[in-house]
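Pasting work.tsv here (TSV, C-alpha atoms and all ligand atoms):
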```tsv
chain	number	residue	atom	x	y	z
A	1	MET	CA	-15.73	-38.96	-33.38
A	2	PHE	CA	-15.81	-42.76	-33.61
A	3	GLU	CA	-18.85	-44.69	-34.62
A	4	SER	CA	-19.59	-47.12	-31.83
A	5	LEU	CA	-19.51	-50.82	-32.53
A	6	SER	CA	-23.14	-51.17	-31.47
A	7	ASP	CA	-24.14	-48.56	-34.06
A	8	ARG	CA	-22.05	-50.19	-36.72
A	9	LEU	CA	-23.48	-53.63	-36.10
A	10	GLY	CA	-26.98	-52.24	-35.76
A	11	GLY	CA	-26.64	-50.93	-39.30
A	12	VAL	CA	-25.27	-54.19	-40.64
A	13	PHE	CA	-27.96	-56.32	-39.06
A	14	ASP	CA	-30.74	-53.96	-40.05
A	15	ARG	CA	-29.71	-54.44	-43.63
A	16	LEU	CA	-29.34	-58.17	-43.20
A	17	THR	CA	-32.55	-58.94	-41.34
A	18	LYS	CA	-34.56	-57.32	-44.11
A	19	GLN	CA	-33.26	-60.11	-46.29
A	20	GLY	CA	-34.52	-62.87	-44.00
A	21	ALA	CA	-32.67	-65.23	-41.70
A	22	LEU	CA	-29.01	-64.69	-40.96
A	23	SER	CA	-26.39	-66.98	-42.36
A	24	GLU	CA	-22.86	-67.72	-41.21
A	25	ASP	CA	-21.77	-65.28	-43.91
A	26	ASP	CA	-23.84	-62.57	-42.27
A	27	VAL	CA	-22.01	-63.22	-39.03
A	28	LYS	CA	-18.74	-62.92	-40.93
A	29	THR	CA	-19.86	-59.56	-42.25
A	30	ALA	CA	-20.57	-58.49	-38.69
A	31	LEU	CA	-17.18	-59.71	-37.54
A	32	ARG	CA	-15.53	-57.61	-40.22
A	33	GLU	CA	-17.14	-54.61	-38.57
A	34	VAL	CA	-15.84	-55.78	-35.21
A	35	ARG	CA	-12.37	-56.04	-36.72
A	36	ILE	CA	-12.54	-52.50	-38.07
A	37	ALA	CA	-13.72	-51.24	-34.69
A	38	LEU	CA	-10.79	-52.97	-32.98
A	39	LEU	CA	-8.26	-51.56	-35.42
A	40	GLU	CA	-9.74	-48.09	-35.02
A	41	ALA	CA	-9.32	-48.53	-31.29
A	42	ASP	CA	-5.62	-49.19	-31.94
A	43	VAL	CA	-5.61	-52.91	-31.32
A	44	SER	CA	-2.72	-54.40	-33.30
A	45	LEU	CA	-3.56	-56.47	-36.37
A	46	PRO	CA	-2.42	-59.93	-35.23
A	47	VAL	CA	-4.15	-59.46	-31.87
A	48	ALA	CA	-7.35	-58.33	-33.60
A	49	ARG	CA	-7.19	-61.38	-35.86
A	50	ASP	CA	-6.85	-63.85	-32.97
A	51	PHE	CA	-9.55	-62.04	-31.11
A	52	ILE	CA	-11.99	-62.24	-34.00
A	53	LYS	CA	-11.31	-65.95	-34.30
A	54	ALA	CA	-12.20	-66.47	-30.62
A	55	VAL	CA	-15.36	-64.40	-31.03
A	56	GLN	CA	-16.30	-66.29	-34.16
A	57	ASP	CA	-16.06	-69.63	-32.33
A	58	LYS	CA	-18.21	-68.31	-29.52
A	59	ALA	CA	-20.73	-66.71	-31.87
A	60	SER	CA	-21.31	-69.95	-33.78
A	61	GLY	CA	-21.58	-71.84	-30.50
A	62	GLN	CA	-24.25	-69.46	-29.28
A	63	SER	CA	-26.31	-69.58	-32.49
A	64	VAL	CA	-26.30	-65.84	-33.05
A	65	THR	CA	-28.04	-66.47	-36.34
A	66	LYS	CA	-31.25	-67.48	-34.54
A	67	SER	CA	-31.25	-64.51	-32.22
A	68	VAL	CA	-33.87	-61.78	-32.61
A	69	THR	CA	-31.30	-59.15	-31.83
A	70	PRO	CA	-28.16	-60.57	-33.42
A	71	GLY	CA	-26.32	-57.23	-33.34
A	72	GLN	CA	-26.68	-56.91	-29.59
A	73	GLN	CA	-25.72	-60.51	-29.11
A	74	VAL	CA	-22.53	-60.11	-31.12
A	75	VAL	CA	-21.69	-56.96	-29.16
A	76	LYS	CA	-22.20	-58.87	-25.92
A	77	ILE	CA	-19.98	-61.74	-27.05
A	78	VAL	CA	-17.30	-59.25	-28.14
A	79	HIS	CA	-17.56	-57.36	-24.85
A	80	ASP	CA	-17.32	-60.51	-22.75
A	81	GLU	CA	-14.35	-61.73	-24.73
A	82	LEU	CA	-12.63	-58.34	-24.35
A	83	VAL	CA	-13.11	-58.48	-20.59
A	84	HIS	CA	-11.86	-62.05	-20.58
A	85	VAL	CA	-8.64	-61.19	-22.43
A	86	LEU	CA	-8.07	-57.91	-20.59
A	87	ALA	CA	-8.87	-59.03	-17.07
A	88	GLY	CA	-6.24	-61.64	-16.33
A	89	ASP	CA	-4.73	-61.19	-12.95
A	90	GLY	CA	-5.33	-57.47	-12.68
A	91	GLY	CA	-4.86	-57.62	-8.95
A	92	ASP	CA	-6.79	-55.74	-6.31
A	93	GLY	CA	-5.11	-52.38	-6.71
A	94	THR	CA	-2.40	-53.11	-4.19
A	95	LEU	CA	1.27	-53.64	-4.85
A	96	LYS	CA	3.43	-56.39	-3.38
A	97	ILE	CA	5.13	-54.56	-0.57
A	98	ASP	CA	5.61	-57.16	2.11
A	99	ASN	CA	9.04	-57.75	3.63
A	100	PRO	CA	10.03	-54.10	4.09
A	101	PRO	CA	11.68	-52.19	2.63
A	102	ALA	CA	10.19	-53.45	-0.64
A	103	PRO	CA	11.73	-52.05	-3.83
A	104	ILE	CA	9.45	-51.04	-6.68
A	105	LEU	CA	11.09	-50.36	-10.02
A	106	MET	CA	9.39	-47.91	-12.35
A	107	VAL	CA	10.40	-48.19	-16.01
A	108	GLY	CA	9.24	-46.68	-19.29
A	109	LEU	CA	10.00	-44.18	-22.00
A	110	GLN	CA	10.53	-40.49	-21.37
A	111	GLY	CA	7.26	-38.59	-21.31
A	112	SER	CA	5.16	-41.68	-20.62
A	113	GLY	CA	4.20	-40.29	-17.21
A	114	LYS	CA	6.65	-42.37	-15.18
A	115	THR	CA	7.60	-39.74	-12.61
A	116	THR	CA	4.01	-38.59	-12.17
A	117	THR	CA	2.86	-42.20	-11.77
A	118	THR	CA	5.61	-42.91	-9.23
A	119	ALA	CA	4.33	-40.07	-7.07
A	120	LYS	CA	0.66	-41.02	-7.59
A	121	LEU	CA	1.33	-44.60	-6.47
A	122	ALA	CA	3.41	-43.42	-3.51
A	123	LYS	CA	0.55	-41.20	-2.39
A	124	ARG	CA	-1.89	-44.05	-2.80
A	125	MET	CA	0.17	-46.47	-0.70
A	126	LYS	CA	0.66	-43.82	1.95
A	127	GLU	CA	-3.01	-42.85	2.17
A	128	ARG	CA	-4.72	-46.17	1.62
A	129	GLU	CA	-2.32	-48.51	3.34
A	130	GLY	CA	-0.51	-46.19	5.73
A	131	LYS	CA	2.83	-47.10	4.22
A	132	LYS	CA	6.01	-45.13	4.70
A	133	VAL	CA	7.38	-44.58	1.21
A	134	LEU	CA	10.72	-43.30	-0.09
A	135	MET	CA	11.08	-42.20	-3.72
A	136	ALA	CA	14.36	-41.92	-5.60
A	137	SER	CA	15.02	-40.58	-9.09
A	138	LEU	CA	17.73	-42.37	-11.05
A	139	ASP	CA	17.54	-40.05	-14.03
A	140	VAL	CA	21.09	-38.75	-13.79
A	141	ASN	CA	21.04	-37.29	-17.29
A	142	ARG	CA	18.10	-35.03	-16.58
A	143	PRO	CA	18.50	-32.99	-13.40
A	144	ALA	CA	15.06	-31.49	-14.07
A	145	ALA	CA	13.50	-34.94	-13.76
A	146	MET	CA	15.18	-35.47	-10.39
A	147	GLU	CA	13.92	-32.11	-9.20
A	148	GLN	CA	10.44	-32.87	-10.49
A	149	LEU	CA	10.23	-35.95	-8.27
A	150	GLN	CA	11.41	-33.89	-5.31
A	151	ILE	CA	8.76	-31.26	-5.95
A	152	LEU	CA	6.02	-33.89	-6.25
A	153	GLY	CA	7.27	-35.57	-3.07
A	154	ALA	CA	7.03	-32.33	-1.14
A	155	GLN	CA	3.54	-31.77	-2.56
A	156	ILE	CA	2.20	-35.16	-1.46
A	157	GLY	CA	4.20	-35.44	1.75
A	158	VAL	CA	6.36	-38.38	0.65
A	159	ASP	CA	10.13	-38.40	1.25
A	160	THR	CA	12.59	-38.40	-1.61
A	161	LEU	CA	16.19	-39.54	-1.54
A	162	PRO	CA	18.46	-36.46	-1.40
A	163	ILE	CA	20.08	-35.72	-4.76
A	164	VAL	CA	23.84	-36.28	-4.86
A	165	LYS	CA	25.52	-34.94	-7.99
A	166	GLY	CA	27.74	-37.28	-10.00
A	167	GLU	CA	26.30	-40.55	-8.70
A	168	ASP	CA	25.36	-43.27	-11.18
A	169	PRO	CA	21.95	-44.99	-11.17
A	170	VAL	CA	23.21	-48.19	-9.54
A	171	ALA	CA	24.84	-46.22	-6.72
A	172	ILE	CA	21.60	-44.27	-6.22
A	173	ALA	CA	19.61	-47.51	-6.06
A	174	LYS	CA	21.99	-48.86	-3.40
A	175	ARG	CA	21.78	-45.65	-1.40
A	176	ALA	CA	17.99	-45.74	-1.63
A	177	LYS	CA	18.00	-49.26	-0.21
A	178	THR	CA	20.29	-48.29	2.67
A	179	GLN	CA	18.26	-45.22	3.49
A	180	ALA	CA	15.00	-47.18	3.27
A	181	SER	CA	16.34	-49.83	5.67
A	182	LEU	CA	17.78	-47.36	8.14
A	183	GLY	CA	14.80	-45.04	7.97
A	184	GLY	CA	12.20	-47.76	8.57
A	185	TYR	CA	10.47	-47.35	5.22
A	186	ASP	CA	7.98	-49.95	4.01
A	187	VAL	CA	8.75	-49.37	0.37
A	188	TYR	CA	11.19	-47.51	-1.84
A	189	MET	CA	10.40	-46.58	-5.39
A	190	LEU	CA	13.10	-46.29	-8.04
A	191	ASP	CA	12.11	-43.94	-10.85
A	192	THR	CA	14.50	-44.97	-13.64
A	193	ALA	CA	15.62	-42.77	-16.51
A	194	GLY	CA	13.59	-42.78	-19.67
A	195	ARG	CA	14.63	-42.20	-23.24
A	196	LEU	CA	12.55	-41.03	-26.16
A	197	SER	CA	12.90	-44.48	-27.67
A	198	ILE	CA	14.31	-47.77	-26.55
A	199	ASP	CA	18.07	-48.01	-26.87
A	200	GLU	CA	20.71	-50.39	-25.67
A	201	GLU	CA	22.21	-47.98	-23.19
A	202	LEU	CA	18.85	-47.46	-21.50
A	203	MET	CA	18.20	-51.17	-21.29
A	204	GLN	CA	21.63	-51.90	-19.85
A	205	GLN	CA	21.15	-49.23	-17.24
A	206	VAL	CA	17.72	-50.47	-16.19
A	207	GLU	CA	19.01	-54.03	-16.14
A	208	ALA	CA	21.92	-53.09	-13.88
A	209	VAL	CA	19.54	-51.33	-11.50
A	210	ARG	CA	17.17	-54.29	-11.51
A	211	ASN	CA	20.04	-56.63	-10.65
A	212	VAL	CA	21.06	-54.68	-7.57
A	213	ALA	CA	17.55	-53.76	-6.45
A	214	ASN	CA	15.85	-57.12	-6.97
A	215	PRO	CA	12.45	-55.39	-7.14
A	216	ARG	CA	9.23	-56.85	-5.75
A	217	GLU	CA	7.35	-55.10	-8.54
A	218	THR	CA	8.58	-53.78	-11.87
A	219	LEU	CA	5.94	-51.55	-13.37
A	220	LEU	CA	6.12	-50.38	-16.94
A	221	VAL	CA	4.49	-46.99	-17.46
A	222	VAL	CA	3.08	-46.60	-20.96
A	223	ASP	CA	1.29	-43.72	-22.61
A	224	GLY	CA	-2.15	-45.09	-23.49
A	225	LEU	CA	-2.35	-42.72	-26.44
A	226	THR	CA	0.64	-44.18	-28.24
A	227	GLY	CA	-1.31	-47.17	-29.52
A	228	GLN	CA	0.77	-49.66	-31.45
A	229	ASP	CA	4.07	-48.22	-30.20
A	230	ALA	CA	2.98	-49.04	-26.69
A	231	VAL	CA	2.86	-52.69	-27.59
A	232	SER	CA	6.42	-52.88	-28.89
A	233	THR	CA	7.59	-50.88	-25.87
A	234	ALA	CA	5.92	-53.42	-23.59
A	235	GLU	CA	7.36	-56.34	-25.53
A	236	ASN	CA	10.85	-54.87	-25.35
A	237	PHE	CA	10.81	-54.04	-21.65
A	238	ASP	CA	9.20	-57.31	-20.69
A	239	GLY	CA	11.61	-59.34	-22.79
A	240	ARG	CA	14.66	-57.61	-21.41
A	241	ILE	CA	13.80	-56.55	-17.88
A	242	GLY	CA	10.78	-58.66	-16.99
A	243	ILE	CA	7.84	-56.58	-15.81
A	244	SER	CA	5.19	-57.47	-13.26
A	245	GLY	CA	2.58	-55.18	-14.72
A	246	VAL	CA	1.72	-52.16	-16.80
A	247	VAL	CA	0.38	-48.73	-15.86
A	248	LEU	CA	-1.50	-47.16	-18.74
A	249	THR	CA	-1.45	-43.36	-18.54
A	250	ARG	CA	-3.46	-40.64	-20.29
A	251	MET	CA	-6.61	-42.69	-20.31
A	252	ASP	CA	-8.39	-39.41	-19.64
A	253	GLY	CA	-7.58	-38.53	-23.26
A	254	ASP	CA	-9.28	-39.46	-26.49
A	255	GLY	CA	-7.49	-42.76	-26.99
A	256	ARG	CA	-9.63	-45.82	-27.23
A	257	GLY	CA	-7.37	-48.02	-25.16
A	258	GLY	CA	-6.87	-50.75	-27.73
A	259	ALA	CA	-3.21	-50.85	-26.73
A	260	ALA	CA	-4.32	-52.38	-23.44
A	261	LEU	CA	-5.71	-55.39	-25.26
A	262	SER	CA	-2.65	-55.77	-27.46
A	263	MET	CA	-0.21	-55.47	-24.57
A	264	ARG	CA	-2.12	-57.98	-22.53
A	265	ALA	CA	-2.31	-60.40	-25.42
A	266	VAL	CA	1.32	-59.99	-26.47
A	267	THR	CA	3.10	-59.92	-23.09
A	268	GLY	CA	0.56	-61.76	-20.94
A	269	LYS	CA	1.29	-59.20	-18.22
A	270	PRO	CA	-1.60	-57.52	-16.44
A	271	ILE	CA	-2.52	-53.86	-16.68
A	272	ARG	CA	-2.45	-52.88	-13.02
A	273	PHE	CA	-3.38	-49.21	-12.96
A	274	VAL	CA	-4.76	-46.54	-15.23
A	275	GLY	CA	-3.70	-42.88	-15.16
A	276	LEU	CA	-6.57	-40.45	-15.59
A	277	GLY	CA	-5.02	-36.99	-15.45
A	278	GLU	CA	-2.18	-34.86	-14.18
A	279	LYS	CA	-3.39	-34.54	-10.60
A	280	MET	CA	-1.88	-36.73	-7.91
A	281	ASP	CA	-5.17	-38.52	-7.26
A	282	ALA	CA	-5.84	-39.23	-10.93
A	283	ILE	CA	-5.04	-42.94	-10.88
A	284	GLU	CA	-7.19	-46.00	-10.33
A	285	GLU	CA	-6.85	-49.74	-10.46
A	286	PHE	CA	-7.51	-51.31	-13.81
A	287	HIS	CA	-11.12	-52.24	-14.57
A	288	ALA	CA	-11.34	-54.56	-17.55
A	289	ASP	CA	-15.01	-53.83	-18.19
A	290	ARG	CA	-14.42	-50.07	-18.37
A	291	VAL	CA	-11.65	-50.44	-20.92
A	292	ALA	CA	-13.69	-53.02	-22.86
A	293	GLY	CA	-16.54	-50.52	-23.07
A	294	ARG	CA	-14.14	-47.89	-24.29
A	295	ILE	CA	-12.68	-50.10	-26.99
A	296	LEU	CA	-16.18	-50.91	-28.21
A	297	GLY	CA	-17.05	-47.20	-28.18
B	1	LIG	P1	8.16	-39.10	-17.52
B	1	LIG	O1	9.11	-38.41	-18.47
B	1	LIG	O2	7.78	-40.47	-18.02
B	1	LIG	O3	8.62	-39.14	-16.12
B	1	LIG	O4	6.80	-38.28	-17.60
B	1	LIG	P2	6.16	-37.26	-16.55
B	1	LIG	O5	5.73	-37.96	-15.32
B	1	LIG	O6	7.06	-36.10	-16.39
B	1	LIG	O7	4.85	-36.85	-17.34
B	1	LIG	C1	4.86	-36.12	-18.54
B	1	LIG	C2	3.60	-35.28	-18.61
B	1	LIG	O8	2.45	-36.11	-18.69
B	1	LIG	C3	3.38	-34.41	-17.39
B	1	LIG	O9	2.93	-33.14	-17.80
B	1	LIG	C4	2.30	-35.14	-16.60
B	1	LIG	O10	1.53	-34.28	-15.81
B	1	LIG	C5	1.50	-35.75	-17.72
B	1	LIG	N1	0.75	-36.97	-17.31
B	1	LIG	C6	1.22	-38.05	-16.63
B	1	LIG	N2	0.24	-38.97	-16.46
B	1	LIG	C7	-0.88	-38.46	-17.04
B	1	LIG	C8	-2.24	-38.94	-17.20
B	1	LIG	O11	-2.63	-40.05	-16.79
B	1	LIG	N3	-3.10	-38.09	-17.85
B	1	LIG	C9	-2.70	-36.87	-18.34
B	1	LIG	N4	-3.60	-36.14	-18.97
B	1	LIG	N5	-1.46	-36.42	-18.21
B	1	LIG	C10	-0.55	-37.18	-17.57
```
As structure tokens, the full file:
Amino acid sequence: MFESLSDRLGGVFDRLTKQGALSEDDVKTALREVRIALLEADVSLPVARDFIKAVQDKASGQSVTKSVTPGQQVVKIVHDELVHVLAGDGGDGTLKIDNPPAPILMVGLQGSGKTTTTAKLAKRMKEREGKKVLMASLDVNRPAAMEQLQILGAQIGVDTLPIVKGEDPVAIAKRAKTQASLGGYDVYMLDTAGRLSIDEELMQQVEAVRNVANPRETLLVVDGLTGQDAVSTAENFDGRIGISGVVLTRMDGDGRGGAALSMRAVTGKPIRFVGLGEKMDAIEEFHADRVAGRILG
């Protein structure tokens, strides 16, 4: 489907080496290929531009032109730089859940995989860390979403806050906190409502919930296949709500994961987890080198 960057550069350097030694211009030609590969992988234009600049500085510092295998060397520099930008403080796959009951706020657009991810993370904390978790859906406009969380909870053996009709999201968040305290829970997860796109009403609602919940973690769930849109979603949520990390879903799909690089570069917030399917175990902590490899193809 995509031509890998190594193949692309191999072609470029094959042509170039036949003409003798490589010049700085040759390296520029190679970097153009890198840029195309990044854009194809859905990295946003300004991020790709900055990235190329960083690679260019490193490539001239490492005298790529004198290398016998310049293509491979450029690929290695690009790969290392990708890992460098992506890695950040990715964490160790655990969430900050000291001082029980610790609230975790889950935010994101409708259909991003927020409810599924809430349940996946709850299962993970329960199984790996022996935590007692309570999940609550705040999606008062979509009864089906509330029921979905209940069904998932029953499936994975994690409690959900009973649904009370007519309650607003802030009241649900408060009730979740009370129940979590009384019930001896280590953590309670608030699955906020999503919309198809960002609107003021959604933001106000999430903000109000954040203010009462004072979450230890605010995780933005983003569909990894949405590419450039994912970046503006992340910018918006981070600017307004303040997120502690991103969960990138649907990385089992065909997407190249360039959004991960853009989101990291634009918001500075780490990608914490990656969703790899619909099943409750299909989530893992973020590995920068895996996503770097994917972006390079
Ligand atoms: P929400 O509206 O954000 O709460 O989204 P849901 O959690 O209901 O997820 C929407 C759909 O995406 C469901 O069918 C999920 O099973 C599916 N889904 C969620 N995460 C992933 C993932 O990482 N990979 C795949 N392939 N599907 C996912």
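Distance check against ligand LIG 1 (chain B) using only C-alpha atoms and all ligand atoms: of A:Thr118, A:Asn99, A:Gln72, A:Gln155, the minimum falls on A:Thr118.
Proximity to ligand LIG 1 (chain B) was assessed for A:Leu182, A:Leu86, A:Leu190, A:Ile97 counting only C-alpha atoms and all ligand atoms; the smallest distance is recorded for A:Leu190.
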Ligand LIG 1 (chain B) neighbours within 6 Å using only C-alpha atoms and all ligand atoms, as JSON, numbers by chain:
{"A": [109, 110, 111, 112, 113, 114, 115, 116, 249, 250, 251, 252, 275, 276, 277, 278]}
Against segment 281-297 of chain A, which residues of segment 116-204 of chain A fall within 9 Å? For each one I want the closest pair of atoms and the distance in Å (one decimal), counting all atoms listed in the file, rows by chain and increasing residue number, as a tab-separated table.
```
residue	atom	partner	partner_atom	distance
A:Thr117	CA	A:Ile283	CA	8.0
A:Lys120	CA	A:Asp281	CA	6.4
A:Leu121	CA	A:Ile283	CA	7.9
A:Lys123	CA	A:Asp281	CA	8.0
A:Arg124	CA	A:Asp281	CA	7.8
```
List the residues sitting within 8 Å of (-2.7, -51.5, -16.6) in the file's frame, using all atoms listed in the file, as JSON, numbers by chain.
{"A": [90, 245, 246, 247, 248, 260, 270, 271, 272, 273, 274, 285, 286]}
Padding 4 Å on each side, edges along x, y and z: where is the centre of the box around the listed atoms of segment 128-136 of chain A, and how long are its edges in Å to one decimal? Output it as lines of an AutoDock Vina configuration file.
```
center_x = 4.8
center_y = -45.2
center_z = 0.1
size_x = 27.1
size_y = 14.6
size_z = 19.3
```
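Pairwise distance (atom CA of Phe51 of chain A, atom CA of Gln73 of chain A) equals 16.4 Å.
When all atoms listed in the file are used to compute distances to Ala136 of chain A, the closest of the residues A:Met189, A:Leu95, A:Ala171, A:Ala122 turns out to be A:Met189.
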Any chance you could build segment 215-224 of chain A out to all heavy atoms and write it as a PDB file, keeping the file's coordinate frame?
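Wrote part35.pdb, looks like this:
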```pdb
ATOM      1  N   PRO A 215      13.747 -55.986  -7.481  1.00  0.00           N
ATOM      2  CA  PRO A 215      12.450 -55.390  -7.140  1.00  0.00           C
ATOM      3  C   PRO A 215      11.329 -56.396  -6.900  1.00  0.00           C
ATOM      4  O   PRO A 215      11.307 -57.457  -7.505  1.00  0.00           O
ATOM      5  CB  PRO A 215      12.127 -54.532  -8.374  1.00  0.00           C
ATOM      6  CG  PRO A 215      12.955 -55.081  -9.474  1.00  0.00           C
ATOM      7  CD  PRO A 215      14.173 -55.663  -8.852  1.00  0.00           C
ATOM      8  N   ARG A 216      10.425 -56.045  -6.001  1.00  0.00           N
ATOM      9  CA  ARG A 216       9.230 -56.850  -5.750  1.00  0.00           C
ATOM     10  C   ARG A 216       8.221 -56.636  -6.871  1.00  0.00           C
ATOM     11  O   ARG A 216       7.425 -57.501  -7.174  1.00  0.00           O
ATOM     12  CB  ARG A 216       8.583 -56.450  -4.409  1.00  0.00           C
ATOM     13  CG  ARG A 216       9.427 -56.762  -3.225  1.00  0.00           C
ATOM     14  CD  ARG A 216       9.448 -58.262  -2.932  1.00  0.00           C
ATOM     15  NE  ARG A 216       8.205 -58.715  -2.329  1.00  0.00           N
ATOM     16  CZ  ARG A 216       7.497 -59.747  -2.769  1.00  0.00           C
ATOM     17  NH1 ARG A 216       7.886 -60.411  -3.821  1.00  0.00           N
ATOM     18  NH2 ARG A 216       6.394 -60.103  -2.146  1.00  0.00           N
ATOM     19  N   GLU A 217       8.229 -55.433  -7.414  1.00  0.00           N
ATOM     20  CA  GLU A 217       7.350 -55.100  -8.540  1.00  0.00           C
ATOM     21  C   GLU A 217       8.178 -54.309  -9.545  1.00  0.00           C
ATOM     22  O   GLU A 217       8.951 -53.438  -9.147  1.00  0.00           O
ATOM     23  CB  GLU A 217       6.189 -54.214  -8.103  1.00  0.00           C
ATOM     24  CG  GLU A 217       5.244 -54.828  -7.110  1.00  0.00           C
ATOM     25  CD  GLU A 217       4.052 -55.499  -7.773  1.00  0.00           C
ATOM     26  OE1 GLU A 217       4.054 -55.669  -9.019  1.00  0.00           O
ATOM     27  OE2 GLU A 217       3.101 -55.829  -7.033  1.00  0.00           O
ATOM     28  N   THR A 218       7.994 -54.605 -10.812  1.00  0.00           N
ATOM     29  CA  THR A 218       8.580 -53.780 -11.870  1.00  0.00           C
ATOM     30  C   THR A 218       7.421 -53.332 -12.751  1.00  0.00           C
ATOM     31  O   THR A 218       6.815 -54.135 -13.451  1.00  0.00           O
ATOM     32  CB  THR A 218       9.608 -54.581 -12.690  1.00  0.00           C
ATOM     33  OG1 THR A 218      10.646 -55.029 -11.810  1.00  0.00           O
ATOM     34  CG2 THR A 218      10.226 -53.715 -13.778  1.00  0.00           C
ATOM     35  N   LEU A 219       7.104 -52.056 -12.647  1.00  0.00           N
ATOM     36  CA  LEU A 219       5.940 -51.550 -13.370  1.00  0.00           C
ATOM     37  C   LEU A 219       6.385 -50.747 -14.584  1.00  0.00           C
ATOM     38  O   LEU A 219       7.198 -49.825 -14.478  1.00  0.00           O
ATOM     39  CB  LEU A 219       5.103 -50.654 -12.455  1.00  0.00           C
ATOM     40  CG  LEU A 219       4.503 -51.347 -11.227  1.00  0.00           C
ATOM     41  CD1 LEU A 219       3.739 -50.331 -10.381  1.00  0.00           C
ATOM     42  CD2 LEU A 219       3.569 -52.483 -11.641  1.00  0.00           C
ATOM     43  N   LEU A 220       5.838 -51.118 -15.716  1.00  0.00           N
ATOM     44  CA  LEU A 220       6.120 -50.380 -16.940  1.00  0.00           C
ATOM     45  C   LEU A 220       5.033 -49.326 -17.131  1.00  0.00           C
ATOM     46  O   LEU A 220       3.839 -49.647 -17.154  1.00  0.00           O
ATOM     47  CB  LEU A 220       6.109 -51.337 -18.145  1.00  0.00           C
ATOM     48  CG  LEU A 220       6.206 -50.662 -19.511  1.00  0.00           C
ATOM     49  CD1 LEU A 220       7.569 -50.023 -19.717  1.00  0.00           C
ATOM     50  CD2 LEU A 220       5.918 -51.668 -20.628  1.00  0.00           C
ATOM     51  N   VAL A 221       5.447 -48.075 -17.241  1.00  0.00           N
ATOM     52  CA  VAL A 221       4.490 -46.990 -17.460  1.00  0.00           C
ATOM     53  C   VAL A 221       4.438 -46.711 -18.963  1.00  0.00           C
ATOM     54  O   VAL A 221       5.474 -46.472 -19.593  1.00  0.00           O
ATOM     55  CB  VAL A 221       4.906 -45.716 -16.685  1.00  0.00           C
ATOM     56  CG1 VAL A 221       3.901 -44.602 -16.920  1.00  0.00           C
ATOM     57  CG2 VAL A 221       5.036 -46.026 -15.201  1.00  0.00           C
ATOM     58  N   VAL A 222       3.251 -46.772 -19.520  1.00  0.00           N
ATOM     59  CA  VAL A 222       3.080 -46.600 -20.960  1.00  0.00           C
ATOM     60  C   VAL A 222       1.996 -45.574 -21.243  1.00  0.00           C
ATOM     61  O   VAL A 222       0.941 -45.586 -20.598  1.00  0.00           O
ATOM     62  CB  VAL A 222       2.659 -47.934 -21.634  1.00  0.00           C
ATOM     63  CG1 VAL A 222       2.615 -47.781 -23.126  1.00  0.00           C
ATOM     64  CG2 VAL A 222       3.588 -49.051 -21.265  1.00  0.00           C
ATOM     65  N   ASP A 223       2.280 -44.717 -22.192  1.00  0.00           N
ATOM     66  CA  ASP A 223       1.290 -43.720 -22.610  1.00  0.00           C
ATOM     67  C   ASP A 223       0.194 -44.421 -23.411  1.00  0.00           C
ATOM     68  O   ASP A 223       0.441 -44.955 -24.493  1.00  0.00           O
ATOM     69  CB  ASP A 223       2.015 -42.671 -23.475  1.00  0.00           C
ATOM     70  CG  ASP A 223       1.098 -41.560 -23.949  1.00  0.00           C
ATOM     71  OD1 ASP A 223      -0.135 -41.747 -23.888  1.00  0.00           O
ATOM     72  OD2 ASP A 223       1.604 -40.517 -24.363  1.00  0.00           O
ATOM     73  N   GLY A 224      -1.018 -44.399 -22.863  1.00  0.00           N
ATOM     74  CA  GLY A 224      -2.150 -45.090 -23.490  1.00  0.00           C
ATOM     75  C   GLY A 224      -2.532 -44.520 -24.843  1.00  0.00           C
ATOM     76  O   GLY A 224      -3.274 -45.153 -25.598  1.00  0.00           O
TER      77      GLY A 224
END
```
